[in-house]
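J.: mmCIF, N, CA and C atoms, file start20.cif:
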data_input
loop_
_atom_site.label_atom_id
_atom_site.label_comp_id
_atom_site.auth_asym_id
_atom_site.auth_seq_id
_atom_site.Cartn_x
_atom_site.Cartn_y
_atom_site.Cartn_z
N MET R 1 228.33 214.36 453.07
CA MET R 1 228.84 213.39 454.03
C MET R 1 228.96 211.99 453.40
N PHE R 2 227.88 211.59 452.71
CA PHE R 2 227.90 210.27 452.08
C PHE R 2 228.98 210.18 451.01
N GLU R 3 229.21 211.28 450.31
CA GLU R 3 230.23 211.28 449.27
C GLU R 3 231.63 211.11 449.86
N ILE R 4 231.87 211.67 451.02
CA ILE R 4 233.17 211.52 451.69
C ILE R 4 233.39 210.06 452.08
N ILE R 5 232.35 209.43 452.64
CA ILE R 5 232.46 208.02 453.02
C ILE R 5 232.67 207.14 451.79
N ARG R 6 231.92 207.45 450.72
CA ARG R 6 232.06 206.67 449.47
C ARG R 6 233.47 206.81 448.91
N ASN R 7 234.00 208.02 448.87
CA ASN R 7 235.35 208.23 448.36
C ASN R 7 236.40 207.53 449.22
N PHE R 8 236.22 207.60 450.55
CA PHE R 8 237.15 206.92 451.46
C PHE R 8 237.14 205.41 451.20
N GLY R 9 235.96 204.84 451.08
CA GLY R 9 235.85 203.40 450.84
C GLY R 9 236.46 202.98 449.52
N GLN R 10 236.16 203.72 448.46
CA GLN R 10 236.69 203.36 447.15
C GLN R 10 238.20 203.57 447.08
N ASP R 11 238.68 204.68 447.62
CA ASP R 11 240.12 204.94 447.59
C ASP R 11 240.89 203.95 448.47
N GLY R 12 240.35 203.66 449.64
CA GLY R 12 241.01 202.68 450.52
C GLY R 12 241.02 201.29 449.90
N ALA R 13 239.91 200.90 449.28
CA ALA R 13 239.85 199.59 448.62
C ALA R 13 240.84 199.51 447.47
N THR R 14 240.91 200.58 446.68
CA THR R 14 241.85 200.59 445.56
C THR R 14 243.28 200.46 446.05
N SER R 15 243.61 201.18 447.12
CA SER R 15 244.97 201.11 447.67
C SER R 15 245.30 199.72 448.20
N LEU R 16 244.39 199.16 448.99
CA LEU R 16 244.66 197.83 449.57
C LEU R 16 244.69 196.74 448.51
N LEU R 17 243.84 196.86 447.51
CA LEU R 17 243.87 195.88 446.41
C LEU R 17 245.19 195.98 445.64
N GLY R 18 245.67 197.19 445.44
CA GLY R 18 246.96 197.36 444.77
C GLY R 18 248.12 196.80 445.59
N ILE R 19 248.09 197.01 446.89
CA ILE R 19 249.12 196.45 447.77
C ILE R 19 249.08 194.93 447.73
N ALA R 20 247.87 194.37 447.76
CA ALA R 20 247.73 192.91 447.73
C ALA R 20 248.24 192.32 446.41
N VAL R 21 247.95 192.98 445.31
CA VAL R 21 248.44 192.50 444.02
C VAL R 21 249.96 192.57 443.97
N GLY R 22 250.54 193.65 444.48
CA GLY R 22 252.00 193.77 444.51
C GLY R 22 252.65 192.71 445.38
N ALA R 23 252.07 192.44 446.54
CA ALA R 23 252.61 191.41 447.41
C ALA R 23 252.49 190.03 446.78
N ALA R 24 251.37 189.78 446.11
CA ALA R 24 251.19 188.49 445.43
C ALA R 24 252.21 188.33 444.31
N TRP R 25 252.50 189.41 443.60
CA TRP R 25 253.50 189.35 442.53
C TRP R 25 254.87 189.02 443.11
N ILE R 26 255.19 189.58 444.24
CA ILE R 26 256.49 189.33 444.86
C ILE R 26 256.61 187.87 445.30
N ILE R 27 255.56 187.33 445.97
CA ILE R 27 255.69 185.96 446.47
C ILE R 27 255.51 184.90 445.39
N SER R 28 254.94 185.26 444.24
CA SER R 28 254.74 184.24 443.21
C SER R 28 255.70 184.34 442.03
N ILE R 29 256.28 185.50 441.80
CA ILE R 29 257.16 185.67 440.64
C ILE R 29 258.58 186.06 441.06
N VAL R 30 258.72 187.14 441.79
CA VAL R 30 260.04 187.70 442.08
C VAL R 30 260.85 186.78 442.99
N ALA R 31 260.28 186.42 444.14
CA ALA R 31 261.03 185.59 445.10
C ALA R 31 261.36 184.19 444.57
N PRO R 32 260.42 183.50 443.90
CA PRO R 32 260.79 182.18 443.37
C PRO R 32 261.92 182.25 442.33
N ASN R 33 261.90 183.27 441.48
CA ASN R 33 262.98 183.38 440.49
C ASN R 33 264.32 183.60 441.17
N THR R 34 264.33 184.44 442.18
CA THR R 34 265.57 184.67 442.93
C THR R 34 266.00 183.42 443.68
N SER R 35 265.04 182.71 444.27
CA SER R 35 265.37 181.50 445.02
C SER R 35 266.00 180.45 444.13
N TYR R 36 265.41 180.23 442.96
CA TYR R 36 265.95 179.21 442.06
C TYR R 36 267.27 179.64 441.43
N ASP R 37 267.55 180.95 441.40
CA ASP R 37 268.85 181.41 440.91
C ASP R 37 269.96 181.20 441.92
N HIS R 38 269.65 181.32 443.22
CA HIS R 38 270.70 181.35 444.23
C HIS R 38 270.72 180.17 445.19
N LEU R 39 269.72 179.29 445.16
CA LEU R 39 269.67 178.16 446.06
C LEU R 39 269.65 176.85 445.28
N GLN R 40 269.93 175.77 445.99
CA GLN R 40 269.78 174.44 445.38
C GLN R 40 268.29 174.22 445.11
N SER R 41 267.99 173.31 444.21
CA SER R 41 266.60 173.11 443.77
C SER R 41 265.66 172.76 444.92
N GLU R 42 266.05 171.83 445.78
CA GLU R 42 265.18 171.43 446.89
C GLU R 42 265.02 172.54 447.91
N ASP R 43 266.11 173.26 448.19
CA ASP R 43 266.03 174.38 449.12
C ASP R 43 265.15 175.50 448.57
N ALA R 44 265.29 175.76 447.27
CA ALA R 44 264.46 176.79 446.65
C ALA R 44 262.99 176.40 446.67
N ASP R 45 262.71 175.11 446.44
CA ASP R 45 261.34 174.63 446.48
C ASP R 45 260.75 174.81 447.88
N ASP R 46 261.51 174.48 448.91
CA ASP R 46 261.06 174.67 450.30
C ASP R 46 260.83 176.15 450.60
N HIS R 47 261.75 176.99 450.12
CA HIS R 47 261.62 178.42 450.37
C HIS R 47 260.36 178.98 449.72
N VAL R 48 260.10 178.61 448.49
CA VAL R 48 258.92 179.10 447.79
C VAL R 48 257.64 178.62 448.48
N ARG R 49 257.64 177.36 448.88
CA ARG R 49 256.47 176.80 449.57
C ARG R 49 256.19 177.56 450.87
N GLU R 50 257.22 177.76 451.68
CA GLU R 50 257.04 178.48 452.94
C GLU R 50 256.66 179.94 452.71
N LEU R 51 257.22 180.54 451.70
CA LEU R 51 256.90 181.94 451.40
C LEU R 51 255.44 182.10 451.00
N ILE R 52 254.93 181.19 450.19
CA ILE R 52 253.53 181.26 449.78
C ILE R 52 252.61 180.99 450.97
N LYS R 53 252.97 180.00 451.80
CA LYS R 53 252.14 179.71 452.97
C LYS R 53 252.13 180.89 453.94
N ALA R 54 253.28 181.51 454.15
CA ALA R 54 253.36 182.62 455.10
C ALA R 54 252.75 183.91 454.55
N GLY R 55 252.83 184.11 453.25
CA GLY R 55 252.35 185.36 452.66
C GLY R 55 250.89 185.37 452.28
N SER R 56 250.29 184.20 452.13
CA SER R 56 248.90 184.15 451.66
C SER R 56 247.90 184.67 452.69
N ASP R 57 248.13 184.38 453.96
CA ASP R 57 247.19 184.84 454.99
C ASP R 57 247.15 186.36 455.13
N PRO R 58 248.29 187.05 455.22
CA PRO R 58 248.22 188.52 455.30
C PRO R 58 247.61 189.15 454.05
N ILE R 59 247.89 188.56 452.90
CA ILE R 59 247.29 189.09 451.67
C ILE R 59 245.78 188.90 451.70
N ALA R 60 245.34 187.74 452.18
CA ALA R 60 243.90 187.49 452.27
C ALA R 60 243.23 188.46 453.24
N VAL R 61 243.90 188.79 454.34
CA VAL R 61 243.33 189.76 455.29
C VAL R 61 243.25 191.14 454.64
N LEU R 62 244.29 191.53 453.90
CA LEU R 62 244.24 192.80 453.16
C LEU R 62 243.04 192.82 452.21
N LEU R 63 242.81 191.70 451.54
CA LEU R 63 241.71 191.63 450.59
C LEU R 63 240.35 191.68 451.29
N LEU R 64 240.25 191.07 452.48
CA LEU R 64 239.00 191.15 453.23
C LEU R 64 238.70 192.59 453.67
N VAL R 65 239.72 193.29 454.13
CA VAL R 65 239.54 194.69 454.52
C VAL R 65 239.19 195.53 453.29
N ALA R 66 239.85 195.25 452.17
CA ALA R 66 239.55 195.97 450.92
C ALA R 66 238.12 195.71 450.48
N SER R 67 237.65 194.49 450.69
CA SER R 67 236.27 194.17 450.35
C SER R 67 235.30 194.98 451.18
N GLY R 68 235.56 195.06 452.47
CA GLY R 68 234.71 195.87 453.34
C GLY R 68 234.71 197.33 452.95
N LEU R 69 235.88 197.86 452.63
CA LEU R 69 235.95 199.26 452.21
C LEU R 69 235.25 199.49 450.88
N ALA R 70 235.38 198.55 449.96
CA ALA R 70 234.71 198.70 448.67
C ALA R 70 233.20 198.68 448.83
N ILE R 71 232.71 197.80 449.68
CA ILE R 71 231.26 197.75 449.91
C ILE R 71 230.80 199.02 450.64
N LEU R 72 231.62 199.51 451.58
CA LEU R 72 231.32 200.78 452.24
C LEU R 72 231.27 201.92 451.23
N GLY R 73 232.14 201.86 450.24
CA GLY R 73 232.18 202.89 449.20
C GLY R 73 231.23 202.64 448.06
N SER R 74 230.31 201.71 448.23
CA SER R 74 229.28 201.33 447.25
C SER R 74 229.86 200.85 445.92
N ALA R 75 231.02 200.22 445.98
CA ALA R 75 231.60 199.56 444.80
C ALA R 75 231.41 198.06 445.02
N LEU R 76 230.20 197.58 444.79
CA LEU R 76 229.86 196.20 445.13
C LEU R 76 230.62 195.17 444.31
N VAL R 77 230.82 195.43 443.03
CA VAL R 77 231.53 194.47 442.18
C VAL R 77 232.98 194.34 442.66
N ALA R 78 233.59 195.46 443.03
CA ALA R 78 234.96 195.42 443.56
C ALA R 78 235.00 194.66 444.88
N GLY R 79 233.99 194.85 445.72
CA GLY R 79 233.94 194.13 446.99
C GLY R 79 233.80 192.64 446.80
N ILE R 80 232.97 192.23 445.85
CA ILE R 80 232.80 190.81 445.57
C ILE R 80 234.08 190.22 445.00
N ALA R 81 234.73 190.96 444.09
CA ALA R 81 236.00 190.48 443.52
C ALA R 81 237.06 190.33 444.61
N ALA R 82 237.10 191.25 445.56
CA ALA R 82 238.06 191.16 446.65
C ALA R 82 237.76 189.97 447.55
N LEU R 83 236.48 189.68 447.79
CA LEU R 83 236.12 188.51 448.59
C LEU R 83 236.53 187.21 447.90
N ILE R 84 236.30 187.14 446.61
CA ILE R 84 236.70 185.95 445.85
C ILE R 84 238.21 185.77 445.89
N ALA R 85 238.95 186.87 445.71
CA ALA R 85 240.41 186.79 445.76
C ALA R 85 240.90 186.40 447.14
N ALA R 86 240.24 186.90 448.19
CA ALA R 86 240.63 186.54 449.56
C ALA R 86 240.45 185.04 449.78
N PHE R 87 239.34 184.49 449.33
CA PHE R 87 239.13 183.05 449.45
C PHE R 87 240.22 182.28 448.70
N GLY R 88 240.61 182.77 447.54
CA GLY R 88 241.68 182.12 446.78
C GLY R 88 243.00 182.10 447.52
N PHE R 89 243.31 183.20 448.20
CA PHE R 89 244.57 183.22 448.96
C PHE R 89 244.49 182.36 450.21
N PHE R 90 243.32 182.29 450.84
CA PHE R 90 243.17 181.36 451.96
C PHE R 90 243.31 179.91 451.50
N SER R 91 242.91 179.63 450.27
CA SER R 91 242.99 178.25 449.76
C SER R 91 244.44 177.77 449.59
N ASN R 92 245.39 178.70 449.52
CA ASN R 92 246.80 178.28 449.44
C ASN R 92 247.24 177.53 450.69
N ARG R 93 246.65 177.84 451.85
CA ARG R 93 246.98 177.10 453.07
C ARG R 93 246.58 175.64 452.93
N TRP R 94 245.42 175.40 452.31
CA TRP R 94 244.94 174.03 452.13
C TRP R 94 245.71 173.33 451.03
N THR R 95 246.08 174.07 450.00
CA THR R 95 246.82 173.46 448.89
C THR R 95 248.19 172.98 449.34
N LEU R 96 248.85 173.74 450.19
CA LEU R 96 250.21 173.41 450.62
C LEU R 96 250.27 172.74 451.98
N ALA R 97 249.15 172.24 452.46
CA ALA R 97 249.14 171.59 453.77
C ALA R 97 249.94 170.30 453.73
N ASN R 98 250.54 169.95 454.88
CA ASN R 98 251.28 168.69 454.96
C ASN R 98 250.32 167.53 454.84
N VAL R 99 250.77 166.48 454.17
CA VAL R 99 249.92 165.33 453.89
C VAL R 99 250.31 164.19 454.82
N LYS R 100 249.32 163.54 455.42
CA LYS R 100 249.59 162.36 456.24
C LYS R 100 249.27 161.13 455.40
N SER R 101 250.26 160.29 455.26
CA SER R 101 250.09 159.10 454.45
C SER R 101 250.05 157.88 455.35
N SER R 102 249.10 156.99 455.11
CA SER R 102 248.98 155.80 455.95
C SER R 102 250.08 154.79 455.65
N GLY R 103 250.61 154.81 454.44
CA GLY R 103 251.64 153.84 454.09
C GLY R 103 253.03 154.25 454.50
N SER R 104 253.19 155.47 454.94
CA SER R 104 254.51 155.98 455.29
C SER R 104 254.64 156.09 456.80
N LYS R 105 255.86 155.93 457.28
CA LYS R 105 256.10 156.06 458.72
C LYS R 105 256.25 157.53 459.11
N LYS R 106 256.56 158.38 458.15
CA LYS R 106 256.67 159.80 458.45
C LYS R 106 255.27 160.36 458.62
N ALA R 107 255.06 161.08 459.71
CA ALA R 107 253.72 161.61 459.99
C ALA R 107 253.33 162.71 459.01
N ASP R 108 254.28 163.56 458.69
CA ASP R 108 253.94 164.60 457.73
C ASP R 108 255.02 164.66 456.66
N GLN R 109 254.56 164.65 455.44
CA GLN R 109 255.46 164.72 454.30
C GLN R 109 255.30 166.07 453.64
N LYS R 110 256.31 166.46 452.90
CA LYS R 110 256.21 167.71 452.18
C LYS R 110 255.25 167.53 451.01
N PRO R 111 254.49 168.57 450.72
CA PRO R 111 253.65 168.49 449.54
C PRO R 111 254.52 168.37 448.29
N GLY R 112 253.98 167.78 447.28
CA GLY R 112 254.75 167.56 446.06
C GLY R 112 254.94 168.83 445.25
N LYS R 113 255.73 168.70 444.21
CA LYS R 113 256.02 169.83 443.34
C LYS R 113 254.75 170.31 442.65
N THR R 114 253.85 169.38 442.35
CA THR R 114 252.60 169.75 441.69
C THR R 114 251.77 170.67 442.58
N GLN R 115 251.76 170.42 443.87
CA GLN R 115 251.01 171.28 444.79
C GLN R 115 251.60 172.68 444.86
N ARG R 116 252.93 172.78 444.81
CA ARG R 116 253.57 174.10 444.81
C ARG R 116 253.23 174.84 443.53
N ILE R 117 253.29 174.15 442.40
CA ILE R 117 252.96 174.79 441.13
C ILE R 117 251.50 175.25 441.12
N LEU R 118 250.63 174.43 441.68
CA LEU R 118 249.22 174.80 441.77
C LEU R 118 249.04 176.03 442.66
N ALA R 119 249.75 176.09 443.76
CA ALA R 119 249.65 177.24 444.66
C ALA R 119 250.14 178.52 443.99
N VAL R 120 251.23 178.44 443.24
CA VAL R 120 251.73 179.61 442.51
C VAL R 120 250.71 180.02 441.45
N SER R 121 250.14 179.05 440.76
CA SER R 121 249.13 179.36 439.74
C SER R 121 247.90 180.01 440.35
N LEU R 122 247.44 179.46 441.49
CA LEU R 122 246.29 180.07 442.17
C LEU R 122 246.60 181.49 442.62
N THR R 123 247.82 181.70 443.09
CA THR R 123 248.22 183.04 443.51
C THR R 123 248.14 184.01 442.34
N LEU R 124 248.62 183.59 441.18
CA LEU R 124 248.57 184.46 440.01
C LEU R 124 247.14 184.71 439.54
N VAL R 125 246.32 183.67 439.53
CA VAL R 125 244.93 183.83 439.07
C VAL R 125 244.17 184.75 440.01
N PHE R 126 244.29 184.53 441.31
CA PHE R 126 243.53 185.36 442.23
C PHE R 126 244.13 186.75 442.39
N SER R 127 245.40 186.94 442.05
CA SER R 127 245.92 188.31 442.03
C SER R 127 245.36 189.05 440.81
N ALA R 128 245.08 188.33 439.73
CA ALA R 128 244.42 188.96 438.58
C ALA R 128 242.99 189.36 438.95
N VAL R 129 242.31 188.53 439.74
CA VAL R 129 240.97 188.89 440.22
C VAL R 129 241.04 190.13 441.11
N ALA R 130 242.05 190.20 441.97
CA ALA R 130 242.23 191.37 442.83
C ALA R 130 242.54 192.61 442.00
N ALA R 131 243.33 192.46 440.94
CA ALA R 131 243.63 193.59 440.07
C ALA R 131 242.36 194.09 439.37
N ALA R 132 241.52 193.15 438.94
CA ALA R 132 240.25 193.54 438.33
C ALA R 132 239.38 194.27 439.36
N GLY R 133 239.41 193.80 440.61
CA GLY R 133 238.68 194.47 441.68
C GLY R 133 239.18 195.88 441.90
N ALA R 134 240.49 196.08 441.79
CA ALA R 134 241.05 197.42 441.95
C ALA R 134 240.56 198.35 440.84
N VAL R 135 240.48 197.83 439.63
CA VAL R 135 239.96 198.64 438.52
C VAL R 135 238.50 198.98 438.76
N PHE R 136 237.72 197.99 439.21
CA PHE R 136 236.30 198.24 439.50
C PHE R 136 236.15 199.25 440.64
N ALA R 137 237.01 199.19 441.64
CA ALA R 137 236.94 200.15 442.74
C ALA R 137 237.30 201.56 442.26
N MET R 138 238.24 201.65 441.32
CA MET R 138 238.62 202.97 440.79
C MET R 138 237.47 203.62 440.04
N ILE R 139 236.71 202.82 439.30
CA ILE R 139 235.62 203.41 438.52
C ILE R 139 234.29 203.39 439.27
N GLY R 140 234.29 202.81 440.46
CA GLY R 140 233.11 202.87 441.31
C GLY R 140 232.09 201.77 441.12
N TYR R 141 232.49 200.66 440.53
CA TYR R 141 231.56 199.54 440.37
C TYR R 141 231.76 198.58 441.46
#
Starting from the file, give its structure as C-alpha cells.
T.:
Amino acid sequence: MFEIIRNFGQDGATSLLGIAVGAAWIISIVAPNTSYDHLQSEDADDHVRELIKAGSDPIAVLLLVASGLAILGSALVAGIAALIAAFGFFSNRWTLANVKSSGSKKADQKPGKTQRILAVSLTLVFSAVAAAGAVFAMIGY
C-alpha cells in the first residue's frame, strides 16, 4: 500500500514538474521570440510582461501541488526544490508590479525594461530548479 502511494506521489510530482518547466519555457523563450518577430517593440514588451504576469501564478500552483505530491511520495529533495521554484514564480508578480512614483502624475507606470529582463531571467532560473526537482523526483530523492 505504501509503495503505491509513494509511486503515485513521485510520478505525479515528476509529471507536474515537467509540465511546469514546459510552460515556463513557453512563456520565457518561445512567446517572447515570436512577439518580437511579429509586433512592434513596445507592443512586444507589453505582451511579454503580461504573459509572464499571467502565466507565473498557474505555474507556481502547479509547483506547489508537485511539491505536495513529492513529499507524499517521500522525495523530500524534489519537494523542497518544487517549493523553491514556486516561490520564484510567485516573485514574478512582485517583480513586474506597477510602480507608483511620487514625482509623476500618472498613478501607475509600466515597469521598466530591466524589470522585464529580470522576470524572464528569474523564470529561466527557477524553471531550472523545477527541472532539477523533476530529476530528483524520478530517482526518488
J.: So, counting only N, CA and C atoms, which residue among R:Leu118, R:Ala75, R:Met1, R:Ser35 is closest to Ile139 (chain R)?
T.: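 The answer is R:Ala75, which sits nearest to Ile139 (chain R).
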J.: Out of R:Ala78, R:Leu69, R:Leu122, R:Ile4, which residue has the shortest atom-to-atom distance to Ala134 (chain R) when counting only C-alpha atoms?
T.: R:Ala78
J.: Report the distance between atom N of Ala70 (chain R) and atom N of Ile26 (chain R) in Å, rounded to one decimal place.
T.: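 The value is 22.5 Å.
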J.: I'd like to know which of R:Ala66, R:Ser74, R:Ala86, R:Gly112 is closest to Gly18 (chain R), using only C-alpha atoms.
T.: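 Using only C-alpha atoms, the shortest distance to Gly18 (chain R) belongs to R:Ala66.
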J.: Looking at only N, CA and C atoms, which of R:Asp11, R:Lys113, R:Thr95, R:Phe89 is the one that sits closest to Gly55 (chain R)?
T.: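 Nearest to Gly55 (chain R): R:Phe89.
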J.: For CA of Ile117 (chain R) and CA of Leu64 (chain R), determine how far apart the two atoms are, in Å to one decimal place.
T.: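 Pair CA of Ile117 (chain R) / CA of Leu64 (chain R) returns 24.7 Å.
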J.: To verify the selection step, state as an mmCIF file with N, CA and C atoms, in the frame of the given file which residues the PyMOL selection byres (((chain R and resi 131 and name CA) around 10) and name CA) yields on this input.
T.:
data_model
loop_
_atom_site.group_PDB
_atom_site.id
_atom_site.type_symbol
_atom_site.label_atom_id
_atom_site.label_comp_id
_atom_site.auth_asym_id
_atom_site.auth_seq_id
_atom_site.Cartn_x
_atom_site.Cartn_y
_atom_site.Cartn_z
ATOM 1 N N THR R 14 240.910 200.580 446.680
ATOM 2 C CA THR R 14 241.850 200.590 445.560
ATOM 3 C C THR R 14 243.280 200.460 446.050
ATOM 4 N N LEU R 17 243.840 196.860 447.510
ATOM 5 C CA LEU R 17 243.870 195.880 446.410
ATOM 6 C C LEU R 17 245.190 195.980 445.640
ATOM 7 N N GLY R 18 245.670 197.190 445.440
ATOM 8 C CA GLY R 18 246.960 197.360 444.770
ATOM 9 C C GLY R 18 248.120 196.800 445.590
ATOM 10 N N ILE R 19 248.090 197.010 446.890
ATOM 11 C CA ILE R 19 249.120 196.450 447.770
ATOM 12 C C ILE R 19 249.080 194.930 447.730
ATOM 13 N N ALA R 20 247.870 194.370 447.760
ATOM 14 C CA ALA R 20 247.730 192.910 447.730
ATOM 15 C C ALA R 20 248.240 192.320 446.410
ATOM 16 N N VAL R 21 247.950 192.980 445.310
ATOM 17 C CA VAL R 21 248.440 192.500 444.020
ATOM 18 C C VAL R 21 249.960 192.570 443.970
ATOM 19 N N GLY R 22 250.540 193.650 444.480
ATOM 20 C CA GLY R 22 252.000 193.770 444.510
ATOM 21 C C GLY R 22 252.650 192.710 445.380
ATOM 22 N N ALA R 78 233.590 195.460 443.030
ATOM 23 C CA ALA R 78 234.960 195.420 443.560
ATOM 24 C C ALA R 78 235.000 194.660 444.880
ATOM 25 N N ALA R 81 234.730 190.960 444.090
ATOM 26 C CA ALA R 81 236.000 190.480 443.520
ATOM 27 C C ALA R 81 237.060 190.330 444.610
ATOM 28 N N ALA R 82 237.100 191.250 445.560
ATOM 29 C CA ALA R 82 238.060 191.160 446.650
ATOM 30 C C ALA R 82 237.760 189.970 447.550
ATOM 31 N N ALA R 85 238.950 186.870 445.710
ATOM 32 C CA ALA R 85 240.410 186.790 445.760
ATOM 33 C C ALA R 85 240.900 186.400 447.140
ATOM 34 N N VAL R 125 246.320 183.670 439.530
ATOM 35 C CA VAL R 125 244.930 183.830 439.070
ATOM 36 C C VAL R 125 244.170 184.750 440.010
ATOM 37 N N PHE R 126 244.290 184.530 441.310
ATOM 38 C CA PHE R 126 243.530 185.360 442.230
ATOM 39 C C PHE R 126 244.130 186.750 442.390
ATOM 40 N N SER R 127 245.400 186.940 442.050
ATOM 41 C CA SER R 127 245.920 188.310 442.030
ATOM 42 C C SER R 127 245.360 189.050 440.810
ATOM 43 N N ALA R 128 245.080 188.330 439.730
ATOM 44 C CA ALA R 128 244.420 188.960 438.580
ATOM 45 C C ALA R 128 242.990 189.360 438.950
ATOM 46 N N VAL R 129 242.310 188.530 439.740
ATOM 47 C CA VAL R 129 240.970 188.890 440.220
ATOM 48 C C VAL R 129 241.040 190.130 441.110
ATOM 49 N N ALA R 130 242.050 190.200 441.970
ATOM 50 C CA ALA R 130 242.230 191.370 442.830
ATOM 51 C C ALA R 130 242.540 192.610 442.000
ATOM 52 N N ALA R 132 241.520 193.150 438.940
ATOM 53 C CA ALA R 132 240.250 193.540 438.330
ATOM 54 C C ALA R 132 239.380 194.270 439.360
ATOM 55 N N GLY R 133 239.410 193.800 440.610
ATOM 56 C CA GLY R 133 238.680 194.470 441.680
ATOM 57 C C GLY R 133 239.180 195.880 441.900
ATOM 58 N N ALA R 134 240.490 196.080 441.790
ATOM 59 C CA ALA R 134 241.050 197.420 441.950
ATOM 60 C C ALA R 134 240.560 198.350 440.840
ATOM 61 N N VAL R 135 240.480 197.830 439.630
ATOM 62 C CA VAL R 135 239.960 198.640 438.520
ATOM 63 C C VAL R 135 238.500 198.980 438.760
ATOM 64 N N PHE R 136 237.720 197.990 439.210
ATOM 65 C CA PHE R 136 236.300 198.240 439.500
ATOM 66 C C PHE R 136 236.150 199.250 440.640
ATOM 67 N N ALA R 137 237.010 199.190 441.640
ATOM 68 C CA ALA R 137 236.940 200.150 442.740
ATOM 69 C C ALA R 137 237.300 201.560 442.260
#
J.: Go ahead and compute the interatomic distance for atom N of Val30 (chain R) and atom N of Ala54 (chain R), in Å to one decimal.
T.: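 If I compute the distance from atom N of Val30 (chain R) to atom N of Ala54 (chain R), I get 14.6 Å.
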J.: Using only C-alpha atoms, which residue out of R:Asn98, R:Arg93, R:Ala13, R:Met138 lies closest to Leu72 (chain R)?
T.: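 Between R:Asn98, R:Arg93, R:Ala13, R:Met138, the residue approaching Leu72 (chain R) most closely is R:Ala13.
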J.: Out of region 36-125 of chain R, which residues get helix (DSSP H, G or I) from DSSP, as a PyMOL selection string?
T.: chain R and resi 36-38+41-72+76-95+113-125
J.: If you apply the PyMOL selection byres (((chain R and resi 120 and name CA) around 9) and name CA) to this file, what residues do you get, as a compact mmCIF listing (two decimals) with N, CA and C atoms, in the coordinates of the input?
T.:
# COMPACT_ATOMS: atom_id res chain seq x y z
N ILE R 27 255.56 187.33 445.97
CA ILE R 27 255.69 185.96 446.47
C ILE R 27 255.51 184.90 445.39
N SER R 28 254.94 185.26 444.24
CA SER R 28 254.74 184.24 443.21
C SER R 28 255.70 184.34 442.03
N ILE R 29 256.28 185.50 441.80
CA ILE R 29 257.16 185.67 440.64
C ILE R 29 258.58 186.06 441.06
N VAL R 48 260.10 178.61 448.49
CA VAL R 48 258.92 179.10 447.79
C VAL R 48 257.64 178.62 448.48
N ARG R 49 257.64 177.36 448.88
CA ARG R 49 256.47 176.80 449.57
C ARG R 49 256.19 177.56 450.87
N ILE R 52 254.93 181.19 450.19
CA ILE R 52 253.53 181.26 449.78
C ILE R 52 252.61 180.99 450.97
N ASN R 92 245.39 178.70 449.52
CA ASN R 92 246.80 178.28 449.44
C ASN R 92 247.24 177.53 450.69
N GLN R 115 251.76 170.42 443.87
CA GLN R 115 251.01 171.28 444.79
C GLN R 115 251.60 172.68 444.86
N ARG R 116 252.93 172.78 444.81
CA ARG R 116 253.57 174.10 444.81
C ARG R 116 253.23 174.84 443.53
N ILE R 117 253.29 174.15 442.40
CA ILE R 117 252.96 174.79 441.13
C ILE R 117 251.50 175.25 441.12
N LEU R 118 250.63 174.43 441.68
CA LEU R 118 249.22 174.80 441.77
C LEU R 118 249.04 176.03 442.66
N ALA R 119 249.75 176.09 443.76
CA ALA R 119 249.65 177.24 444.66
C ALA R 119 250.14 178.52 443.99
N SER R 121 250.14 179.05 440.76
CA SER R 121 249.13 179.36 439.74
C SER R 121 247.90 180.01 440.35
N LEU R 122 247.44 179.46 441.49
CA LEU R 122 246.29 180.07 442.17
C LEU R 122 246.60 181.49 442.62
N THR R 123 247.82 181.70 443.09
CA THR R 123 248.22 183.04 443.51
C THR R 123 248.14 184.01 442.34
N LEU R 124 248.62 183.59 441.18
CA LEU R 124 248.57 184.46 440.01
C LEU R 124 247.14 184.71 439.54
N VAL R 125 246.32 183.67 439.53
CA VAL R 125 244.93 183.83 439.07
C VAL R 125 244.17 184.75 440.01
